[in-house]
Amino acid sequence: MIALQDEKHFLEKVTHEIRVEPKDWMPDQYRKTLIRQISQHAHSEIVGMLPEGNWITRAPSLKRKAILIAKVQDEAGHGLYLYSAAETLGISRAEMIDQLHSGRAKYSSIFNYPTISWADIGAIGWLVDGAAIMNQVPLCRCSYGPYSRAMVRICKEESFHQRQGFDILLKLSQGSKAQKNMVQDSINRWWWPSIMMFGPADESSPHSRQSMEWKIKRFSNDELRQRFVDMCAQQVKVLGLELPDEKLKWNEKRQQYDFGEIDWKEFRNVVNGNGPCNKERLATRIKAHEDGAWVREAAAAHAEKRRAKSARAA
Amino acid sequence: MENRLSYTLYLADSALILSHRNSEWTGHGPVLEQDIAISNIALDLIGQARNFYDYAARQINQSGLNDPATEDSLAYLRDVPEFKNCLLAELPRGDWAVTILRQFFFSAYQTLLFEKLQHSGVDDLAAIAEKSLKEATYHLRWSSEWVIRLGDGTQESRSRILDALDQLWMYTGELLEPAHYELAAAVEGYGPDPATLKETWLEKIQEVFEEAVLPVPGNEWMQTGGKTGKHTEHLGQLLAEMQFMQRAYPGCEW
């Protein structure tokens with residue numbers, strides 16, 4: 001009886017757009033869904049530092065180098081807020097990191113692609129951050145309070161990153177022949193993986209319906225993907241370049257772009273661990289964590305010594 | 001002119017090269033909060049480097065003697081013997097103990113340097129020093145706390161920071177030993193003679209080491225040369241990576 005009332009109260013809140021807060025009653029499945037989604041999002045920020053970090057030491061100018069360090073550092077900050085948001089649901093950061101390292105938790109597959117040229121840093125900003133923003137702006141209104149508040153801050157920084165990414169591409173597109181080739185090659189490689197970031201097509205998206213009902217999610221995967229394609233199809237013209245899709249064409253009747261079929265086999269392959277960098281990315285994260293173990297232990301031991309000392313003094 | 005330019009480049013190069021080393025940690029730090037902290041120090045240092053390069057480029061361009069310079073031509077198109085950074089900055093990042101201890105030695109020096117340099121007779125240098133002093137002060141506090149944690153943490157952290165000390169100490173002497181252009185700066189009143197900072201620097205090291213239960217090494221042989229372009233093998237490798245794009249695609253804008 002009490003449980004039924006709790007559930008009713010919860011659903012009323014969700015319906016009336018009142019945020020659910022950590023101490024409020026919530027269905028187990030709602031909690032689980034959020035933990036899965038928020039921790040996956042946090043992991044994506046952390047693993048996402050690697051492909052871009054790959055170019056920090058080779059950035060072509062001091063200005064670009066400084067911007068890139070700041071950007072990757074922002075991602076670490078996003079990871080931090082998101083881990084904290086997930087912790088309000090009763091899971092620790094250590095547990096979440098363990099889930100990542102043991103392969104039980106996923107992160108965005110896009111980061112399993114390599115950054116092989118400087119233009120990739122621009123393409124990640126424009127396309128990957130662009131797709132992330134498209135996915136994340138609706139999350140600022142997510143029914144779970146701590147997540148929605150973290151997303152407000154993250155989205156502000158992400159849109160700044162996207163502009164910087166586009167600026168890198170714009171500069172390249174106005175540059176030498178080699179620079180133009182570099183940027184077109186990069187767009188060719190990042191386009192399809194970017195539109196895969198919206199997840200499976202609606203008819204085969206396993207978690208979508210319930211998440212929409214609980215207002216964790218506001219728009220379907222395909223709706224968001226379409227918006228993204230429409231936006232990029234316009235923006236790529238500013239660069240004087242092309243998206244690698246022969247079927248991309250304005251549809252007067254739909255007032256949207258038609259576009260080609262996504263290679264879902266590749267999508268599933270990368271999700272299931274067979275992307276070009278899956279093993280490497282995870283190994284790098286595990287190494288950083290293991291190499292840092294003695295540092296974390298030292299910090300804890302020292303803090304303990306201090307506590308003991310001040311307890312003795314008191 | 002020649003001396004002032006060398007002096008400015010020494011300040012710029014040391015900040016840039018140490019920034020580069022610290023930025024190698026970004027994404028690989030021992031814990032998220034410290035990944036952010038070390039990246040932040042890298043950012044502060046690259047900011048300082050850019051300000052000093054900008055001033056160096058203006059000196060070059062006003063003289064009209066050389067090809068026009070920019071912050072990027074100075075950072076990306078000079079080779080090893082032209083770099084004037086202290087040797088300490090170019091050593092590999094090592095483990096967290098090496099990174100921390102190096103930052104501590106460097107920030108203790110930079111803090112004292114900028115305290116004096118903010119009263120430089122050259123306005124450009126004074127302005128950069130005043131702004132950078134706030135950053136260096138924070139870097140010194142952060143790295144001091146870590147030296148103490150590692151020295152007085154676990155057996156492993158202690159043994160690692162002792163190894164780091166063994167490796168780095170011989171590179172600290174150079175910070176406080178004047179190069180010819182630093183002597184000129186002292187004579188002309190736009191920068192301190194680093195030898196005058198030595199005593200206070202050592203006091204700072206002693207103070208923190210005492211809390212960290214670490215021994216202050218005695219008078220050992222000190223390696224020098226970086227300030228006048230005689231570097232370790234590590235700098236060439238670092239520049240090969242850092243300058244790759246500018247070398248592979250000359251004359252482009254980014």
# chains A, B, ... in the order shown; residues from 1 in each chain; ligands from 1

$ interface_residues --of "chain A" --to "chain B" --cutoff "7 Å" --atoms "only C-alpha atoms" --output "list of chain:residue names"
A:Met49, A:Leu50, A:Gly53, A:Thr57, A:Arg58, A:Pro60, A:Ser61, A:Leu62, A:Ala66, A:Ile69, A:Gln73, A:Ala76, A:Lys171, A:Leu172, A:Gly175, A:Ser176, A:Ala288, A:His289, A:Asp291, A:Gly292, A:Ala293, A:Trp294, A:Val295, A:Ala298, A:Ala299, A:Ala301, A:His302

$ write_last_selection --atoms "N, CA, C and O atoms" --output "compact mmCIF listing (two decimals), in the first residue's frame"
# COMPACT_ATOMS: atom_id res chain seq x y z
N MET A 49 38.97 11.76 -23.06
CA MET A 49 40.18 12.60 -22.92
C MET A 49 41.34 12.02 -23.74
O MET A 49 42.25 12.74 -24.11
N LEU A 50 41.29 10.73 -24.00
CA LEU A 50 42.47 10.08 -24.61
C LEU A 50 42.68 10.42 -26.08
O LEU A 50 43.78 10.80 -26.46
N GLY A 53 43.72 13.99 -26.10
CA GLY A 53 45.00 14.14 -25.41
C GLY A 53 46.15 13.71 -26.30
O GLY A 53 47.27 14.21 -26.19
N THR A 57 50.53 17.18 -27.17
CA THR A 57 51.98 17.42 -27.32
C THR A 57 52.37 17.76 -28.76
O THR A 57 53.53 18.08 -29.01
N ARG A 58 51.43 17.66 -29.69
CA ARG A 58 51.76 17.97 -31.09
C ARG A 58 50.88 19.08 -31.68
O ARG A 58 50.88 19.28 -32.90
N PRO A 60 49.58 22.35 -33.28
CA PRO A 60 50.43 23.10 -34.19
C PRO A 60 50.74 24.55 -33.80
O PRO A 60 51.56 25.18 -34.45
N SER A 61 50.08 25.09 -32.80
CA SER A 61 50.42 26.45 -32.36
C SER A 61 50.23 26.52 -30.86
O SER A 61 49.53 25.69 -30.27
N LEU A 62 50.82 27.53 -30.24
CA LEU A 62 50.70 27.66 -28.78
C LEU A 62 49.25 27.91 -28.38
O LEU A 62 48.78 27.40 -27.37
N ALA A 66 47.12 25.46 -25.95
CA ALA A 66 46.49 25.90 -24.69
C ALA A 66 45.00 25.58 -24.71
O ALA A 66 44.45 25.08 -23.72
N ILE A 69 44.52 21.78 -24.17
CA ILE A 69 44.72 21.35 -22.77
C ILE A 69 43.47 21.72 -21.96
O ILE A 69 42.94 20.91 -21.19
N GLN A 73 40.92 19.18 -20.12
CA GLN A 73 40.75 19.36 -18.69
C GLN A 73 39.26 19.57 -18.34
O GLN A 73 38.79 19.05 -17.33
N ALA A 76 37.67 16.26 -17.98
CA ALA A 76 37.93 15.65 -16.67
C ALA A 76 36.95 16.24 -15.65
O ALA A 76 36.39 15.51 -14.82
N LYS A 171 39.74 27.05 -40.27
CA LYS A 171 41.10 27.50 -40.57
C LYS A 171 41.76 26.54 -41.58
O LYS A 171 42.40 26.98 -42.53
N LEU A 172 41.58 25.26 -41.35
CA LEU A 172 42.18 24.27 -42.27
C LEU A 172 41.56 24.38 -43.66
O LEU A 172 42.25 24.28 -44.68
N GLY A 175 43.09 26.90 -45.75
CA GLY A 175 44.54 26.83 -45.82
C GLY A 175 45.08 26.22 -47.10
O GLY A 175 44.47 26.32 -48.18
N SER A 176 46.23 25.55 -46.98
CA SER A 176 46.91 24.97 -48.14
C SER A 176 46.15 23.73 -48.64
O SER A 176 45.22 23.25 -47.99
N ALA A 288 46.74 4.00 -16.19
CA ALA A 288 46.79 5.25 -15.42
C ALA A 288 46.31 4.99 -13.99
O ALA A 288 46.88 5.48 -13.02
N HIS A 289 45.25 4.19 -13.88
CA HIS A 289 44.68 3.91 -12.57
C HIS A 289 45.66 3.08 -11.72
O HIS A 289 45.89 3.38 -10.54
N ASP A 291 48.98 2.74 -12.19
CA ASP A 291 50.19 3.53 -11.91
C ASP A 291 49.94 4.55 -10.80
O ASP A 291 50.87 4.96 -10.11
N GLY A 292 48.69 4.96 -10.67
CA GLY A 292 48.37 5.98 -9.66
C GLY A 292 48.04 5.39 -8.30
O GLY A 292 47.86 6.14 -7.34
N ALA A 293 48.01 4.07 -8.21
CA ALA A 293 47.56 3.45 -6.95
C ALA A 293 48.44 3.88 -5.78
O ALA A 293 47.94 4.26 -4.71
N TRP A 294 49.76 3.86 -5.98
CA TRP A 294 50.66 4.22 -4.86
C TRP A 294 50.49 5.68 -4.45
O TRP A 294 50.66 6.02 -3.29
N VAL A 295 50.11 6.53 -5.42
CA VAL A 295 49.91 7.95 -5.11
C VAL A 295 48.66 8.11 -4.23
O VAL A 295 48.69 8.82 -3.21
N ALA A 298 49.39 6.83 -0.79
CA ALA A 298 50.23 7.75 -0.02
C ALA A 298 49.38 8.90 0.53
O ALA A 298 49.52 9.30 1.69
N ALA A 299 48.49 9.43 -0.33
CA ALA A 299 47.65 10.55 0.10
C ALA A 299 46.76 10.12 1.26
O ALA A 299 46.61 10.85 2.25
N ALA A 301 47.31 7.59 3.38
CA ALA A 301 48.14 7.31 4.56
C ALA A 301 48.55 8.60 5.25
O ALA A 301 48.51 8.71 6.48
N HIS A 302 48.89 9.59 4.44
CA HIS A 302 49.31 10.86 5.03
C HIS A 302 48.14 11.54 5.75
O HIS A 302 48.30 12.07 6.86

$ residues_around --residues "A:Gln174" --least-positions-apart "6" --cutoff "12 Å" --atoms "only C-alpha atoms" --output "PyMOL selection string"
(chain A and resi 167-168+180-184+238-241) or (chain B and resi 252-254)

$ write_last_selection --atoms "C-alpha atoms" --output "PDB file, in the first residue's frame"
ATOM      1  CA  ASP A 167      37.127  27.022 -35.897  1.00  0.00           C
ATOM      2  CA  ILE A 168      39.980  24.512 -36.300  1.00  0.00           C
ATOM      3  CA  LYS A 180      42.161  21.002 -47.117  1.00  0.00           C
ATOM      4  CA  ASN A 181      42.842  17.342 -47.812  1.00  0.00           C
ATOM      5  CA  MET A 182      43.504  16.761 -44.152  1.00  0.00           C
ATOM      6  CA  VAL A 183      40.180  18.226 -43.122  1.00  0.00           C
ATOM      7  CA  GLN A 184      38.085  16.427 -45.777  1.00  0.00           C
ATOM      8  CA  VAL A 238      30.520  27.016 -44.678  1.00  0.00           C
ATOM      9  CA  LEU A 239      33.635  24.875 -44.835  1.00  0.00           C
ATOM     10  CA  GLY A 240      33.240  24.363 -48.566  1.00  0.00           C
ATOM     11  CA  LEU A 241      33.501  20.613 -47.948  1.00  0.00           C
TER      12      LEU A 241
ATOM     13  CA  CYS B 252      50.686  27.213 -42.772  1.00  0.00           C
ATOM     14  CA  GLU B 253      48.218  28.891 -40.463  1.00  0.00           C
ATOM     15  CA  TRP B 254      46.443  26.821 -37.854  1.00  0.00           C
TER      16      TRP B 254
END

$ residues_around --residues "A:Arg19" --least-positions-apart "4" --cutoff "8 Å" --atoms "only C-alpha atoms" --output "PyMOL selection string"
chain A and resi 13-14+142-145

$ write_last_selection --atoms "all heavy atoms" --output "PDB file, in the first residue's frame"
ATOM      1  N   LYS A  13       5.178  13.628  -9.660  1.00  0.00           N
ATOM      2  CA  LYS A  13       6.312  14.557  -9.768  1.00  0.00           C
ATOM      3  C   LYS A  13       6.829  14.620 -11.194  1.00  0.00           C
ATOM      4  O   LYS A  13       7.032  15.687 -11.753  1.00  0.00           O
ATOM      5  CB  LYS A  13       7.463  14.066  -8.879  1.00  0.00           C
ATOM      6  CG  LYS A  13       7.461  14.667  -7.530  1.00  0.00           C
ATOM      7  CD  LYS A  13       8.800  14.383  -6.875  1.00  0.00           C
ATOM      8  CE  LYS A  13       8.768  14.937  -5.478  1.00  0.00           C
ATOM      9  NZ  LYS A  13       9.806  14.366  -4.653  1.00  0.00           N
ATOM     10  N   VAL A  14       7.055  13.426 -11.746  1.00  0.00           N
ATOM     11  CA  VAL A  14       7.606  13.362 -13.094  1.00  0.00           C
ATOM     12  C   VAL A  14       6.651  14.056 -14.075  1.00  0.00           C
ATOM     13  O   VAL A  14       7.078  14.848 -14.911  1.00  0.00           O
ATOM     14  CB  VAL A  14       7.877  11.894 -13.503  1.00  0.00           C
ATOM     15  CG1 VAL A  14       8.222  11.794 -14.979  1.00  0.00           C
ATOM     16  CG2 VAL A  14       8.999  11.317 -12.649  1.00  0.00           C
ATOM     17  N   CYS A 142      16.124  16.738 -17.579  1.00  0.00           N
ATOM     18  CA  CYS A 142      15.927  15.366 -17.112  1.00  0.00           C
ATOM     19  C   CYS A 142      15.223  15.379 -15.753  1.00  0.00           C
ATOM     20  O   CYS A 142      15.427  16.283 -14.943  1.00  0.00           O
ATOM     21  CB  CYS A 142      17.295  14.699 -16.997  1.00  0.00           C
ATOM     22  SG  CYS A 142      17.292  13.207 -16.009  1.00  0.00           S
ATOM     23  N   SER A 143      14.399  14.369 -15.491  1.00  0.00           N
ATOM     24  CA  SER A 143      13.609  14.378 -14.248  1.00  0.00           C
ATOM     25  C   SER A 143      14.465  14.249 -12.998  1.00  0.00           C
ATOM     26  O   SER A 143      14.034  14.618 -11.909  1.00  0.00           O
ATOM     27  CB  SER A 143      12.573  13.252 -14.297  1.00  0.00           C
ATOM     28  OG  SER A 143      13.227  12.003 -14.488  1.00  0.00           O
ATOM     29  N   TYR A 144      15.676  13.727 -13.117  1.00  0.00           N
ATOM     30  CA  TYR A 144      16.507  13.571 -11.912  1.00  0.00           C
ATOM     31  C   TYR A 144      17.354  14.832 -11.675  1.00  0.00           C
ATOM     32  O   TYR A 144      18.213  15.183 -12.498  1.00  0.00           O
ATOM     33  CB  TYR A 144      17.390  12.322 -12.037  1.00  0.00           C
ATOM     34  CG  TYR A 144      18.126  12.031 -10.739  1.00  0.00           C
ATOM     35  CD1 TYR A 144      17.412  11.819  -9.560  1.00  0.00           C
ATOM     36  CD2 TYR A 144      19.507  12.015 -10.681  1.00  0.00           C
ATOM     37  CE1 TYR A 144      18.055  11.594  -8.354  1.00  0.00           C
ATOM     38  CE2 TYR A 144      20.174  11.779  -9.475  1.00  0.00           C
ATOM     39  CZ  TYR A 144      19.440  11.573  -8.315  1.00  0.00           C
ATOM     40  OH  TYR A 144      20.082  11.348  -7.126  1.00  0.00           O
ATOM     41  N   GLY A 145      17.109  15.499 -10.568  1.00  0.00           N
ATOM     42  CA  GLY A 145      17.705  16.801 -10.265  1.00  0.00           C
ATOM     43  C   GLY A 145      19.215  16.897 -10.429  1.00  0.00           C
ATOM     44  O   GLY A 145      19.709  17.724 -11.205  1.00  0.00           O
TER      45      GLY A 145
END

$ select_by_dssp --residues "stretch 32-196 of chain A" --states "helix (DSSP H, G or I)" --output "PyMOL selection string"
chain A and resi 32-53+56-58+62-87+93-101+109-112+119-141+145-173+177-196

$ residues_around --residues "stretch 167-174 of chain B" --least-positions-apart "3" --cutoff "10 Å" --atoms "only C-alpha atoms" --output "number ranges by chain"
B: 86-89, 91, 98, 101-102, 105-106, 109, 161-164, 177-179, 194-195, 198, 216-227

$ residues_around --residues "A:Gln164" --least-positions-apart "5" --cutoff "8 Å" --atoms "only C-alpha atoms" --output "list in words"
Gly122, Gly125 and Trp126 of chain A

$ write_last_selection --atoms "N, CA, C and O atoms" --output "PDB file, in the first residue's frame"
ATOM      1  N   GLY A 122      39.657  18.967 -34.663  1.00  0.00           N
ATOM      2  CA  GLY A 122      38.561  19.840 -35.087  1.00  0.00           C
ATOM      3  C   GLY A 122      37.287  19.055 -35.333  1.00  0.00           C
ATOM      4  O   GLY A 122      36.192  19.461 -34.929  1.00  0.00           O
ATOM      5  N   GLY A 125      35.543  18.136 -32.195  1.00  0.00           N
ATOM      6  CA  GLY A 125      34.827  19.284 -31.633  1.00  0.00           C
ATOM      7  C   GLY A 125      33.523  19.539 -32.370  1.00  0.00           C
ATOM      8  O   GLY A 125      32.467  19.674 -31.759  1.00  0.00           O
ATOM      9  N   TRP A 126      33.622  19.577 -33.677  1.00  0.00           N
ATOM     10  CA  TRP A 126      32.424  19.913 -34.463  1.00  0.00           C
ATOM     11  C   TRP A 126      31.390  18.781 -34.428  1.00  0.00           C
ATOM     12  O   TRP A 126      30.224  19.007 -34.082  1.00  0.00           O
TER      13      TRP A 126
END

$ residues_around --residues "A:Phe198" --least-positions-apart "4" --cutoff "8 Å" --atoms "only C-alpha atoms" --output "PyMOL selection string"
chain A and resi 131+135+194+221-222+224-225

$ write_last_selection --atoms "all heavy atoms" --output "PDB file, in the first residue's frame"
ATOM      1  N   ALA A 131      27.211  16.307 -31.712  1.00  0.00           N
ATOM      2  CA  ALA A 131      26.230  15.236 -31.484  1.00  0.00           C
ATOM      3  C   ALA A 131      25.956  15.104 -29.990  1.00  0.00           C
ATOM      4  O   ALA A 131      24.810  14.907 -29.560  1.00  0.00           O
ATOM      5  CB  ALA A 131      26.741  13.923 -32.055  1.00  0.00           C
ATOM      6  N   ASN A 135      22.334  15.469 -27.976  1.00  0.00           N
ATOM      7  CA  ASN A 135      21.834  14.476 -27.020  1.00  0.00           C
ATOM      8  C   ASN A 135      21.640  15.048 -25.626  1.00  0.00           C
ATOM      9  O   ASN A 135      20.768  14.616 -24.883  1.00  0.00           O
ATOM     10  CB  ASN A 135      22.863  13.331 -26.875  1.00  0.00           C
ATOM     11  CG  ASN A 135      22.614  12.213 -27.869  1.00  0.00           C
ATOM     12  OD1 ASN A 135      21.471  11.940 -28.229  1.00  0.00           O
ATOM     13  ND2 ASN A 135      23.678  11.564 -28.306  1.00  0.00           N
ATOM     14  N   SER A 194      29.894   9.553 -35.985  1.00  0.00           N
ATOM     15  CA  SER A 194      29.204  10.603 -35.222  1.00  0.00           C
ATOM     16  C   SER A 194      27.689  10.411 -35.251  1.00  0.00           C
ATOM     17  O   SER A 194      27.022  10.584 -34.230  1.00  0.00           O
ATOM     18  CB  SER A 194      29.519  11.997 -35.765  1.00  0.00           C
ATOM     19  OG  SER A 194      30.887  12.246 -35.669  1.00  0.00           O
ATOM     20  N   ASN A 221      15.969   8.601 -30.451  1.00  0.00           N
ATOM     21  CA  ASN A 221      17.272   8.575 -31.118  1.00  0.00           C
ATOM     22  C   ASN A 221      17.181   9.111 -32.546  1.00  0.00           C
ATOM     23  O   ASN A 221      18.010   9.909 -32.979  1.00  0.00           O
ATOM     24  CB  ASN A 221      17.809   7.138 -31.182  1.00  0.00           C
ATOM     25  CG  ASN A 221      18.114   6.582 -29.798  1.00  0.00           C
ATOM     26  OD1 ASN A 221      18.062   7.311 -28.804  1.00  0.00           O
ATOM     27  ND2 ASN A 221      18.443   5.304 -29.731  1.00  0.00           N
ATOM     28  N   ASP A 222      16.166   8.655 -33.263  1.00  0.00           N
ATOM     29  CA  ASP A 222      16.066   9.057 -34.667  1.00  0.00           C
ATOM     30  C   ASP A 222      15.702  10.531 -34.837  1.00  0.00           C
ATOM     31  O   ASP A 222      16.183  11.178 -35.761  1.00  0.00           O
ATOM     32  CB  ASP A 222      15.051   8.162 -35.405  1.00  0.00           C
ATOM     33  CG  ASP A 222      15.630   6.773 -35.674  1.00  0.00           C
ATOM     34  OD1 ASP A 222      16.870   6.664 -35.796  1.00  0.00           O
ATOM     35  OD2 ASP A 222      14.854   5.801 -35.737  1.00  0.00           O
ATOM     36  N   LEU A 224      16.624  12.955 -32.833  1.00  0.00           N
ATOM     37  CA  LEU A 224      17.833  13.744 -32.569  1.00  0.00           C
ATOM     38  C   LEU A 224      18.835  13.601 -33.712  1.00  0.00           C
ATOM     39  O   LEU A 224      19.489  14.559 -34.115  1.00  0.00           O
ATOM     40  CB  LEU A 224      18.470  13.302 -31.247  1.00  0.00           C
ATOM     41  CG  LEU A 224      17.655  13.658 -29.994  1.00  0.00           C
ATOM     42  CD1 LEU A 224      18.241  12.967 -28.766  1.00  0.00           C
ATOM     43  CD2 LEU A 224      17.629  15.171 -29.772  1.00  0.00           C
ATOM     44  N   ARG A 225      18.922  12.377 -34.238  1.00  0.00           N
ATOM     45  CA  ARG A 225      19.857  12.133 -35.340  1.00  0.00           C
ATOM     46  C   ARG A 225      19.484  12.993 -36.557  1.00  0.00           C
ATOM     47  O   ARG A 225      20.335  13.606 -37.189  1.00  0.00           O
ATOM     48  CB  ARG A 225      19.836  10.646 -35.724  1.00  0.00           C
ATOM     49  CG  ARG A 225      20.868  10.301 -36.762  1.00  0.00           C
ATOM     50  CD  ARG A 225      21.074   8.795 -37.003  1.00  0.00           C
ATOM     51  NE  ARG A 225      20.143   7.926 -36.365  1.00  0.00           N
ATOM     52  CZ  ARG A 225      20.480   7.065 -35.376  1.00  0.00           C
ATOM     53  NH1 ARG A 225      21.717   6.986 -34.959  1.00  0.00           N
ATOM     54  NH2 ARG A 225      19.561   6.297 -34.835  1.00  0.00           N
TER      55      ARG A 225
END

$ closest_residue --among "B:Leu125, B:Leu77, B:Ala56, B:Ile41" --to "B:Tyr190" --atoms "only C-alpha atoms"
B:Leu125

$ closest_residue --among "A:Gly275, A:Pro146, A:Pro138, A:Pro193" --to "A:Ile124" --atoms "only C-alpha atoms"
A:Pro193

$ atom_distance --atom1 "atom CA of A:Val229" --atom2 "atom CA of A:Trp191"
9.7 Å

$ atom_distance --atom1 "atom CA of B:Gln103" --atom2 "atom CA of B:Glu130"
19.5 Å

$ atom_distance --atom1 "atom CA of B:Lys116" --atom2 "atom CA of B:Pro192"
6.4 Å
